[in-house]
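S.K.: Quick one, input.pdb (PDB, C-alpha atoms):
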```
MODEL        1
ATOM      1  CA  MET F   1     -82.878 -80.588 104.814
ATOM      2  CA  LYS F   2     -84.377 -84.028 105.487
ATOM      3  CA  LEU F   3     -81.687 -86.707 105.828
ATOM      4  CA  TRP F   4     -82.549 -90.351 105.223
ATOM      5  CA  ILE F   5     -79.763 -92.830 106.019
ATOM      6  CA  GLY F   6     -79.843 -96.383 104.681
ATOM      7  CA  THR F   7     -80.927 -97.937 101.415
ATOM      8  CA  ALA F   8     -84.235 -99.102 102.902
ATOM      9  CA  ASN F   9     -85.173 -95.490 103.651
ATOM     10  CA  ILE F  10     -84.950 -94.285 100.054
ATOM     11  CA  LYS F  11     -88.553 -93.607  99.099
ATOM     12  CA  PRO F  12     -90.740 -91.700  96.635
ATOM     13  CA  VAL F  13     -90.602 -87.918  96.517
ATOM     14  CA  LYS F  14     -93.930 -86.447  95.468
ATOM     15  CA  ALA F  15     -93.079 -82.933  94.297
ATOM     16  CA  TYR F  16     -91.121 -83.192  90.994
ATOM     17  CA  PRO F  17     -87.847 -84.674  92.343
ATOM     18  CA  VAL F  18     -84.667 -83.422  90.685
ATOM     19  CA  VAL F  19     -81.863 -85.740  91.811
ATOM     20  CA  ALA F  20     -78.119 -85.038  92.026
ATOM     21  CA  ILE F  21     -76.080 -88.255  92.279
ATOM     22  CA  GLY F  22     -72.503 -88.561  93.518
ATOM     23  CA  ASN F  23     -70.085 -89.253  96.350
ATOM     24  CA  PHE F  24     -69.535 -85.510  96.853
ATOM     25  CA  ASP F  25     -66.334 -85.987  98.865
ATOM     26  CA  GLY F  26     -65.053 -82.499  99.643
ATOM     27  CA  LEU F  27     -68.087 -80.885  97.996
ATOM     28  CA  HIS F  28     -65.726 -78.983  95.691
ATOM     29  CA  ARG F  29     -66.640 -76.401  93.082
ATOM     30  CA  GLY F  30     -67.570 -79.064  90.538
ATOM     31  CA  HIS F  31     -69.969 -80.644  93.028
ATOM     32  CA  GLN F  32     -71.309 -77.221  93.919
ATOM     33  CA  ALA F  33     -72.145 -76.617  90.243
ATOM     34  CA  ILE F  34     -74.105 -79.899  90.165
ATOM     35  CA  LEU F  35     -76.086 -79.032  93.298
ATOM     36  CA  SER F  36     -76.680 -75.481  92.098
ATOM     37  CA  GLN F  37     -78.145 -76.806  88.841
ATOM     38  CA  THR F  38     -80.269 -79.274  90.801
ATOM     39  CA  LEU F  39     -81.661 -76.517  92.991
ATOM     40  CA  GLN F  40     -82.370 -74.302  90.007
ATOM     41  CA  ARG F  41     -84.280 -77.005  88.126
ATOM     42  CA  ALA F  42     -86.249 -77.977  91.240
ATOM     43  CA  ARG F  43     -87.249 -74.384  91.970
ATOM     44  CA  GLU F  44     -88.232 -73.727  88.344
ATOM     45  CA  ASN F  45     -90.574 -76.720  88.501
ATOM     46  CA  LYS F  46     -91.853 -76.135  92.050
ATOM     47  CA  GLY F  47     -90.198 -79.409  92.905
ATOM     48  CA  THR F  48     -87.786 -81.006  95.368
ATOM     49  CA  ALA F  49     -83.985 -80.798  95.227
ATOM     50  CA  VAL F  50     -82.685 -84.255  96.130
ATOM     51  CA  VAL F  51     -79.187 -85.650  96.728
ATOM     52  CA  LEU F  52     -78.454 -89.357  96.356
ATOM     53  CA  THR F  53     -75.075 -90.211  97.858
ATOM     54  CA  PHE F  54     -73.329 -93.291  99.265
ATOM     55  CA  GLU F  55     -71.822 -94.382 102.573
ATOM     56  CA  PRO F  56     -69.186 -95.655 102.921
ATOM     57  CA  HIS F  57     -67.351 -94.271  99.913
ATOM     58  CA  PRO F  58     -67.432 -96.956  97.167
ATOM     59  CA  PHE F  59     -63.640 -96.962  96.850
ATOM     60  CA  LYS F  60     -63.294 -98.117 100.470
ATOM     61  CA  VAL F  61     -65.572-101.078  99.796
ATOM     62  CA  LEU F  62     -64.188-102.071  96.398
ATOM     63  CA  ASN F  63     -60.505-101.469  97.242
ATOM     64  CA  PRO F  64     -60.149-102.136 100.986
ATOM     65  CA  GLU F  65     -56.422-102.818 100.636
ATOM     66  CA  ARG F  66     -55.731 -99.267  99.469
ATOM     67  CA  ASP F  67     -54.939 -96.480 101.956
ATOM     68  CA  PHE F  68     -57.731 -94.219 100.741
ATOM     69  CA  LYS F  69     -58.241 -90.960 102.648
ATOM     70  CA  LEU F  70     -61.360 -88.840 102.328
ATOM     71  CA  LEU F  71     -61.461 -85.055 102.168
ATOM     72  CA  ASN F  72     -64.445 -85.033 104.549
ATOM     73  CA  THR F  73     -66.045 -87.217 107.163
ATOM     74  CA  PHE F  74     -69.621 -88.267 106.407
ATOM     75  CA  GLN F  75     -70.940 -85.834 109.031
ATOM     76  CA  ILE F  76     -69.098 -82.872 107.510
ATOM     77  CA  LYS F  77     -70.235 -83.855 104.009
ATOM     78  CA  VAL F  78     -73.862 -83.855 105.124
ATOM     79  CA  ARG F  79     -73.463 -80.443 106.768
ATOM     80  CA  GLN F  80     -71.915 -79.060 103.590
ATOM     81  CA  ILE F  81     -74.717 -80.445 101.435
ATOM     82  CA  GLU F  82     -77.315 -78.996 103.795
ATOM     83  CA  SER F  83     -75.657 -75.571 103.601
ATOM     84  CA  THR F  84     -76.342 -75.450  99.843
ATOM     85  CA  GLY F  85     -80.106 -75.441 100.408
ATOM     86  CA  MET F  86     -80.938 -78.969  99.195
ATOM     87  CA  ASP F  87     -84.285 -80.320 100.383
ATOM     88  CA  VAL F  88     -83.643 -84.052 100.794
ATOM     89  CA  CYS F  89     -80.522 -86.213 101.117
ATOM     90  CA  PHE F  90     -80.750 -89.973 100.639
ATOM     91  CA  THR F  91     -77.708 -91.999 101.706
ATOM     92  CA  ALA F  92     -77.542 -95.474 100.174
ATOM     93  CA  GLU F  93     -75.546 -98.097 102.067
ATOM     94  CA  PHE F  94     -72.767 -99.069  99.666
ATOM     95  CA  ASN F  95     -71.738-102.694 100.034
ATOM     96  CA  LYS F  96     -70.719-105.579  97.782
ATOM     97  CA  ALA F  97     -74.341-106.449  96.975
ATOM     98  CA  PHE F  98     -75.131-102.854  96.021
ATOM     99  CA  ALA F  99     -72.022-102.755  93.838
ATOM    100  CA  GLU F 100     -73.143-105.859  91.922
ATOM    101  CA  GLN F 101     -76.253-104.189  90.481
ATOM    102  CA  THR F 102     -76.274-103.697  86.738
ATOM    103  CA  PRO F 103     -76.509-100.071  85.577
ATOM    104  CA  TYR F 104     -80.043-100.756  84.377
ATOM    105  CA  ASP F 105     -81.156-102.254  87.698
ATOM    106  CA  PHE F 106     -79.715 -99.322  89.654
ATOM    107  CA  VAL F 107     -81.657 -96.827  87.565
ATOM    108  CA  LYS F 108     -84.875 -98.847  87.537
ATOM    109  CA  THR F 109     -84.840 -99.614  91.270
ATOM    110  CA  TYR F 110     -83.547 -96.411  92.844
ATOM    111  CA  LEU F 111     -84.182 -93.576  90.434
ATOM    112  CA  HIS F 112     -87.464 -94.759  88.908
ATOM    113  CA  GLU F 113     -89.240 -97.034  91.386
ATOM    114  CA  LYS F 114     -88.007 -95.698  94.718
ATOM    115  CA  ILE F 115     -87.536 -91.950  94.158
ATOM    116  CA  GLY F 116     -89.589 -91.427  91.019
ATOM    117  CA  CYS F 117     -87.183 -88.811  89.689
ATOM    118  CA  LYS F 118     -88.143 -86.367  86.938
ATOM    119  CA  GLU F 119     -84.653 -85.068  86.275
ATOM    120  CA  VAL F 120     -81.134 -86.289  87.150
ATOM    121  CA  VAL F 121     -78.086 -84.029  87.415
ATOM    122  CA  VAL F 122     -74.650 -85.706  87.227
ATOM    123  CA  GLY F 123     -71.127 -84.891  86.087
ATOM    124  CA  LYS F 124     -70.160 -85.773  82.522
ATOM    125  CA  ASN F 125     -67.794 -88.503  83.755
ATOM    126  CA  PHE F 126     -70.461 -90.150  85.914
ATOM    127  CA  ARG F 127     -70.133 -93.949  86.112
ATOM    128  CA  PHE F 128     -72.520 -96.336  87.846
ATOM    129  CA  GLY F 129     -73.487 -99.967  88.274
ATOM    130  CA  ARG F 130     -71.395-103.142  88.345
ATOM    131  CA  ASP F 131     -67.744-102.469  87.436
ATOM    132  CA  ARG F 132     -68.740 -98.807  86.860
ATOM    133  CA  ALA F 133     -69.966 -99.963  83.453
ATOM    134  CA  GLY F 134     -72.800 -97.419  83.171
ATOM    135  CA  THR F 135     -71.992 -94.192  81.314
ATOM    136  CA  LEU F 136     -73.713 -90.862  80.830
ATOM    137  CA  ASP F 137     -75.053 -92.092  77.480
ATOM    138  CA  ASP F 138     -76.544 -95.137  79.223
ATOM    139  CA  LEU F 139     -78.203 -92.924  81.814
ATOM    140  CA  ILE F 140     -79.718 -90.732  79.096
ATOM    141  CA  ARG F 141     -81.034 -93.851  77.309
ATOM    142  CA  PHE F 142     -82.533 -95.246  80.533
ATOM    143  CA  GLY F 143     -84.050 -91.844  81.244
ATOM    144  CA  GLU F 144     -85.895 -91.964  77.946
ATOM    145  CA  GLU F 145     -87.365 -95.321  78.974
ATOM    146  CA  PHE F 146     -88.350 -94.303  82.498
ATOM    147  CA  GLY F 147     -89.409 -90.746  81.796
ATOM    148  CA  PHE F 148     -86.712 -88.536  83.301
ATOM    149  CA  LYS F 149     -84.305 -85.999  81.829
ATOM    150  CA  VAL F 150     -80.542 -86.057  82.377
ATOM    151  CA  ILE F 151     -78.629 -82.802  82.880
ATOM    152  CA  PRO F 152     -74.799 -82.893  82.833
ATOM    153  CA  PRO F 153     -73.298 -79.521  83.877
ATOM    154  CA  GLU F 154     -70.005 -78.559  82.268
ATOM    155  CA  PRO F 155     -66.842 -79.420  84.251
ATOM    156  CA  VAL F 156     -65.366 -76.654  86.404
ATOM    157  CA  TRP F 157     -61.807 -75.571  85.584
ATOM    158  CA  VAL F 158     -59.299 -73.888  87.902
ATOM    159  CA  ASP F 159     -55.863 -72.816  86.667
ATOM    160  CA  GLU F 160     -56.414 -74.826  83.463
ATOM    161  CA  LEU F 161     -57.159 -78.010  85.445
ATOM    162  CA  VAL F 162     -60.483 -79.812  85.783
ATOM    163  CA  VAL F 163     -61.677 -79.825  89.390
ATOM    164  CA  SER F 164     -62.053 -83.312  90.889
ATOM    165  CA  SER F 165     -61.846 -84.924  94.318
ATOM    166  CA  SER F 166     -58.911 -87.102  93.257
ATOM    167  CA  ARG F 167     -56.953 -84.081  92.026
ATOM    168  CA  ILE F 168     -57.646 -82.208  95.256
ATOM    169  CA  ARG F 169     -56.466 -85.191  97.326
ATOM    170  CA  GLN F 170     -53.235 -85.234  95.349
ATOM    171  CA  LEU F 171     -52.714 -81.494  95.862
ATOM    172  CA  VAL F 172     -53.303 -81.781  99.622
ATOM    173  CA  ARG F 173     -50.884 -84.718  99.912
ATOM    174  CA  GLU F 174     -48.283 -82.667  98.018
ATOM    175  CA  GLY F 175     -48.851 -79.690 100.322
ATOM    176  CA  ASP F 176     -50.350 -77.427  97.656
ATOM    177  CA  VAL F 177     -53.204 -76.318  99.892
ATOM    178  CA  GLY F 178     -53.457 -73.015  98.012
ATOM    179  CA  LEU F 179     -54.561 -74.599  94.730
ATOM    180  CA  ALA F 180     -56.588 -77.214  96.614
ATOM    181  CA  GLY F 181     -58.454 -74.359  98.298
ATOM    182  CA  LYS F 182     -59.230 -72.755  94.956
ATOM    183  CA  MET F 183     -60.712 -76.027  93.729
ATOM    184  CA  LEU F 184     -62.681 -76.601  96.926
ATOM    185  CA  GLY F 185     -63.970 -73.036  96.972
ATOM    186  CA  ARG F 186     -62.765 -72.797 100.580
ATOM    187  CA  TYR F 187     -59.606 -73.619 102.520
ATOM    188  CA  TYR F 188     -58.821 -77.219 103.441
ATOM    189  CA  GLU F 189     -59.593 -77.919 107.103
ATOM    190  CA  MET F 190     -58.799 -80.518 109.752
ATOM    191  CA  GLU F 191     -60.202 -80.890 113.233
ATOM    192  CA  GLY F 192     -58.250 -82.363 116.137
ATOM    193  CA  LYS F 193     -57.820 -82.569 119.877
ATOM    194  CA  VAL F 194     -54.918 -80.825 121.620
ATOM    195  CA  LEU F 195     -52.546 -83.263 123.354
ATOM    196  CA  HIS F 196     -49.555 -82.903 125.648
ATOM    197  CA  GLY F 197     -46.332 -82.686 123.650
ATOM    198  CA  ASP F 198     -42.636 -82.818 124.433
ATOM    199  CA  GLY F 199     -42.356 -79.092 125.250
ATOM    200  CA  GLU F 200     -39.679 -78.458 122.621
ATOM    201  CA  GLY F 201     -41.660 -75.671 120.950
ATOM    202  CA  LYS F 202     -42.095 -73.828 124.234
ATOM    203  CA  ALA F 203     -38.406 -74.204 125.008
ATOM    204  CA  LEU F 204     -37.625 -72.553 121.657
ATOM    205  CA  GLY F 205     -39.940 -69.636 122.407
ATOM    206  CA  TYR F 206     -42.772 -70.852 120.194
ATOM    207  CA  PRO F 207     -45.225 -72.937 122.243
ATOM    208  CA  THR F 208     -47.362 -75.302 120.183
ATOM    209  CA  ALA F 209     -50.634 -77.181 120.449
ATOM    210  CA  ASN F 210     -49.870 -80.791 119.571
ATOM    211  CA  PHE F 211     -52.282 -82.974 117.583
ATOM    212  CA  ARG F 212     -52.520 -86.696 117.098
ATOM    213  CA  LEU F 213     -52.756 -87.012 113.328
ATOM    214  CA  PRO F 214     -56.376 -87.909 112.520
ATOM    215  CA  ASN F 215     -57.379 -90.787 110.279
ATOM    216  CA  GLU F 216     -58.039 -88.539 107.307
ATOM    217  CA  LEU F 217     -56.106 -86.792 104.585
ATOM    218  CA  VAL F 218     -53.150 -84.865 106.062
ATOM    219  CA  PRO F 219     -51.265 -82.237 104.021
ATOM    220  CA  GLY F 220     -47.685 -83.017 103.067
ATOM    221  CA  GLU F 221     -44.795 -82.319 105.428
ATOM    222  CA  GLY F 222     -43.942 -78.658 105.843
ATOM    223  CA  ILE F 223     -44.873 -75.316 107.397
ATOM    224  CA  TYR F 224     -48.245 -73.686 106.691
ATOM    225  CA  ALA F 225     -49.892 -70.336 107.317
ATOM    226  CA  ALA F 226     -53.173 -71.169 109.013
ATOM    227  CA  ARG F 227     -56.232 -69.887 110.776
ATOM    228  CA  VAL F 228     -57.367 -71.803 113.819
ATOM    229  CA  SER F 229     -60.842 -71.829 115.349
ATOM    230  CA  LEU F 230     -61.289 -72.434 119.075
ATOM    231  CA  LEU F 231     -64.757 -73.031 120.487
ATOM    232  CA  ARG F 232     -65.390 -71.002 123.636
ATOM    233  CA  THR F 233     -68.527 -70.694 125.758
ATOM    234  CA  GLU F 234     -69.166 -67.295 124.165
ATOM    235  CA  GLY F 235     -68.749 -68.686 120.656
ATOM    236  CA  LEU F 236     -66.096 -69.494 118.073
ATOM    237  CA  GLN F 237     -62.861 -67.487 118.257
ATOM    238  CA  LEU F 238     -60.431 -67.265 115.357
ATOM    239  CA  PHE F 239     -56.632 -67.058 115.674
ATOM    240  CA  ASP F 240     -53.802 -66.739 113.165
ATOM    241  CA  GLY F 241     -50.890 -69.136 113.376
ATOM    242  CA  VAL F 242     -48.475 -71.535 111.724
ATOM    243  CA  VAL F 243     -48.790 -75.313 111.430
ATOM    244  CA  TYR F 244     -45.918 -77.772 111.386
ATOM    245  CA  ILE F 245     -46.359 -81.261 109.905
ATOM    246  CA  GLY F 246     -43.307 -83.509 109.974
ATOM    247  CA  SER F 247     -41.028 -85.739 112.015
ATOM    248  CA  LYS F 248     -38.782 -83.081 113.623
ATOM    249  CA  PRO F 249     -35.571 -84.152 111.856
ATOM    250  CA  THR F 250     -33.497 -81.524 113.719
ATOM    251  CA  PHE F 251     -34.222 -83.376 116.982
ATOM    252  CA  GLY F 252     -33.913 -86.851 115.460
ATOM    253  CA  GLU F 253     -36.723 -88.685 113.698
ATOM    254  CA  LYS F 254     -39.682 -88.814 116.095
ATOM    255  CA  GLY F 255     -42.524 -89.985 113.867
ATOM    256  CA  MET F 256     -45.019 -87.840 112.021
ATOM    257  CA  ARG F 257     -46.796 -85.167 114.029
ATOM    258  CA  MET F 258     -48.795 -81.997 113.653
ATOM    259  CA  GLU F 259     -48.183 -78.936 115.827
ATOM    260  CA  VAL F 260     -49.866 -75.527 115.783
ATOM    261  CA  HIS F 261     -48.385 -72.253 117.051
ATOM    262  CA  LEU F 262     -50.954 -69.506 117.628
ATOM    263  CA  PHE F 263     -49.760 -65.910 117.488
ATOM    264  CA  ASN F 264     -49.974 -63.918 120.758
ATOM    265  CA  PHE F 265     -51.608 -66.817 122.591
ATOM    266  CA  ARG F 266     -50.553 -68.289 125.924
ATOM    267  CA  GLU F 267     -53.633 -70.128 127.275
ATOM    268  CA  ASP F 268     -53.706 -73.750 128.420
ATOM    269  CA  ILE F 269     -55.952 -75.533 125.910
ATOM    270  CA  TYR F 270     -55.009 -79.184 126.502
ATOM    271  CA  GLY F 271     -57.955 -81.419 125.703
ATOM    272  CA  ARG F 272     -59.718 -78.764 123.630
ATOM    273  CA  ARG F 273     -60.699 -79.270 119.984
ATOM    274  CA  LEU F 274     -59.371 -76.955 117.300
ATOM    275  CA  LEU F 275     -60.377 -76.528 113.680
ATOM    276  CA  VAL F 276     -57.252 -75.844 111.615
ATOM    277  CA  THR F 277     -57.703 -74.081 108.263
ATOM    278  CA  PHE F 278     -54.715 -74.380 105.898
ATOM    279  CA  VAL F 279     -54.300 -71.129 103.961
ATOM    280  CA  ASP F 280     -50.949 -71.590 102.200
ATOM    281  CA  ARG F 281     -47.714 -73.533 102.422
ATOM    282  CA  ILE F 282     -44.606 -71.620 103.477
ATOM    283  CA  ARG F 283     -41.855 -74.215 102.999
ATOM    284  CA  GLU F 284     -40.907 -77.880 103.186
ATOM    285  CA  ASP F 285     -39.725 -79.593 106.368
ATOM    286  CA  ILE F 286     -35.927 -79.631 106.552
ATOM    287  CA  LYS F 287     -33.206 -80.576 109.040
ATOM    288  CA  PHE F 288     -31.258 -77.692 110.598
ATOM    289  CA  SER F 289     -27.696 -77.668 111.930
ATOM    290  CA  GLY F 290     -28.890 -76.872 115.436
ATOM    291  CA  LYS F 291     -31.481 -75.138 117.604
ATOM    292  CA  ALA F 292     -30.204 -71.627 116.870
ATOM    293  CA  ALA F 293     -30.656 -72.051 113.128
ATOM    294  CA  LEU F 294     -34.085 -73.567 113.685
ATOM    295  CA  VAL F 295     -35.208 -70.666 115.907
ATOM    296  CA  ARG F 296     -34.111 -68.141 113.268
ATOM    297  CA  GLN F 297     -36.071 -70.002 110.596
ATOM    298  CA  ILE F 298     -39.178 -70.251 112.796
ATOM    299  CA  GLY F 299     -39.038 -66.488 113.272
ATOM    300  CA  GLU F 300     -38.924 -66.014 109.511
ATOM    301  CA  ASP F 301     -41.772 -68.503 109.054
ATOM    302  CA  VAL F 302     -43.956 -66.618 111.539
ATOM    303  CA  GLU F 303     -43.357 -63.279 109.817
ATOM    304  CA  LYS F 304     -44.065 -64.780 106.408
ATOM    305  CA  ALA F 305     -47.247 -66.402 107.715
ATOM    306  CA  LYS F 306     -48.436 -63.056 109.088
ATOM    307  CA  LEU F 307     -47.917 -61.436 105.689
ATOM    308  CA  ILE F 308     -49.759 -64.248 103.906
ATOM    309  CA  LEU F 309     -52.709 -64.132 106.299
ATOM    310  CA  LYS F 310     -52.918 -60.337 106.061
ATOM    311  CA  GLU F 311     -52.893 -60.538 102.287
ATOM    312  CA  LYS F 312     -55.547 -63.273 102.160
ATOM    313  CA  GLY F 313     -57.896 -61.427 104.502
ATOM    314  CA  PRO F 314     -60.271 -62.918 107.069
ATOM    315  CA  SER F 315     -62.059 -65.260 104.622
ATOM    316  CA  PRO F 316     -61.261 -67.011 101.355
ATOM    317  CA  SER F 317     -61.969 -65.277  98.071
ATOM    318  CA  PHE F 318     -62.021 -67.944  95.375
ATOM    319  CA  ALA F 319     -64.780 -66.540  93.186
TER     320      ALA F 319
ENDMDL
END
```
Can you turn what I pasted into structure tokens?
M.R.:
Amino acid sequence: MKLWIGTANIKPVKAYPVVAIGNFDGLHRGHQAILSQTLQRARENKGTAVVLTFEPHPFKVLNPERDFKLLNTFQIKVRQIESTGMDVCFTAEFNKAFAEQTPYDFVKTYLHEKIGCKEVVVGKNFRFGRDRAGTLDDLIRFGEEFGFKVIPPEPVWVDELVVSSSRIRQLVREGDVGLAGKMLGRYYEMEGKVLHGDGEGKALGYPTANFRLPNELVPGEGIYAARVSLLRTEGLQLFDGVVYIGSKPTFGEKGMRMEVHLFNFREDIYGRRLLVTFVDRIREDIKFSGKAALVRQIGEDVEKAKLILKEKGPSPSFA
């Protein structure tokens, strides 16, 4: 996939460009349906499957006072888009000036004059232009003027809910990583560096890899069954484990933290990077009467996590 970053680098595509437009945060199953339709139409017309996305996310520019967390970093989003087989990805720089364009000017400048699109694929709730005033009906009307078709795939539903990035963010914040995974089409993941901790997990018989919470969306407080990837010189190695996110109320409030216990693992991995995949939530974070009660509960959590991970298998099955 050819990646072009920056508004100035958006340019004409010669071979019948079919353009998918969106933020694509999380690249969930709804986004995947849009890109799949884009690929299909491009291949049927011997054309080019194009993505037009935005960086930074418009919400961060238009609402800087809000604590808005993304499901993916820009780099991960690009990798996910590339994995779908798209041919070209244009990334427009989203700033206040870009946001002030009228819906008509956005279509005329970027879709017609710059890219020269023949077809556009967007979700039915697509909004664009100043104050998000442009609607799907407007896009269809502009397409008739500039000579391109508009294709709006049907929304994707999971458990009687429409899949959306905002809904997935809410589920992750609430700790419902199981349903979030169904909507994403894969488990929610976070990457972090292992830091030195206070040694309390090791003292309890369950040594943990401690993470500094990254500046991205963190699941709600609690205990999770997880799979953890460790990059070795011979390749990526996968381990089962449990993840704790909370403030350790049994030991006194110590601030939010994330700790990972890997089953049957005793190596020193300080400074290494781990990719943590959240499979399912086991329970909420609670305060125990003492260390003995906590150790008993950890033992139960570990056994429950092993059952969950055995049941789920080595890879997600959200078809």
S.K.: Distance CA of Ala8 (chain F)-CA of Tyr110 (chain F), one decimal place?
M.R.: 10.4 Å
S.K.: Taking a cut-off of 12 Å and counting all atoms listed in the file, can you build a table that, for each residue of region 82-131 of chain F near region 27-30 of chain F, reports the nearest atom pair and how far apart they are in Å (one decimal), sorted by chain then residue number, as JSON lines?
M.R.:
```
{"residue": "F:Glu82", "atom": "CA", "partner": "F:Leu27", "partner_atom": "CA", "distance": 11.1}
{"residue": "F:Ser83", "atom": "CA", "partner": "F:Leu27", "partner_atom": "CA", "distance": 10.8}
{"residue": "F:Thr84", "atom": "CA", "partner": "F:Leu27", "partner_atom": "CA", "distance": 10.1}
{"residue": "F:Val122", "atom": "CA", "partner": "F:Gly30", "partner_atom": "CA", "distance": 10.3}
{"residue": "F:Gly123", "atom": "CA", "partner": "F:Gly30", "partner_atom": "CA", "distance": 8.1}
{"residue": "F:Lys124", "atom": "CA", "partner": "F:Gly30", "partner_atom": "CA", "distance": 10.8}
{"residue": "F:Asn125", "atom": "CA", "partner": "F:Gly30", "partner_atom": "CA", "distance": 11.6}
```
S.K.: What are the nearest atom pairs, with distances in Å to one decimal, for all residues of region 58-126 of chain F that come at most 12 Å from region 183-195 of chain F, using all atoms listed in the file, set out by chain and rising residue number as CSV?
M.R.:
```
residue,atom,partner,partner_atom,distance
F:Leu70,CA,F:Met190,CA,11.4
F:Leu71,CA,F:Tyr188,CA,8.4
F:Asn72,CA,F:Met190,CA,8.9
F:Thr73,CA,F:Met190,CA,10.2
F:Ile76,CA,F:Glu189,CA,10.7
F:Gln80,CA,F:Arg186,CA,11.5
```
S.K.: When the PyMOL selection byres ((chain F and resi 219) around 12) is applied to the file above, which residues end up in the set, as a PyMOL selection string?
M.R.: chain F and resi 69+71+168-178+180+188-190+213-214+216-218+220-224+243-246+256-258+276-281+284
S.K.: Please evaluate the PyMOL selection byres ((chain F and resi 146-159) around 6) against the structure above and give the resulting residues as a list in words.
M.R.: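 Output of the PyMOL selection byres ((chain F and resi 146-159) around 6): Gly30, Lys118, Glu119, Val120, Val121, Val122, Gly123, Lys124, Ile140, Gly143, Glu144, Glu145, Glu160, Leu161, Val162 and Val163 of chain F.
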S.K.: Determine the nearest neighbour of Asp240 (chain F) from the options F:Arg43, F:Arg141, F:Lys182, F:His261, counting only C-alpha atoms.
M.R.: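 Comparing F:Arg43, F:Arg141, F:Lys182, F:His261 against Asp240 (chain F), the winner is F:His261.
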S.K.: Taking the file as I've supplied it (selection: the PyMOL selection byres ((chain F and resi 250) around 12)), which residues are included? Please answer as a PyMOL selection string.
M.R.: chain F and resi 200+246-249+251-254+285-295
S.K.: Go ahead and compute the interatomic distance for CA of Pro58 (chain F) and CA of Val13 (chain F), in Å to one decimal.
M.R.: 24.9 Å
S.K.: Which residues are close to Ala305 (chain F), i.e. within 8 Å by all atoms listed in the file, leaving aside same-chain residues fewer than 6 positions away? Reply as JSON, numbers by chain.
M.R.: {"F": [224, 225, 226, 241, 242, 282]}
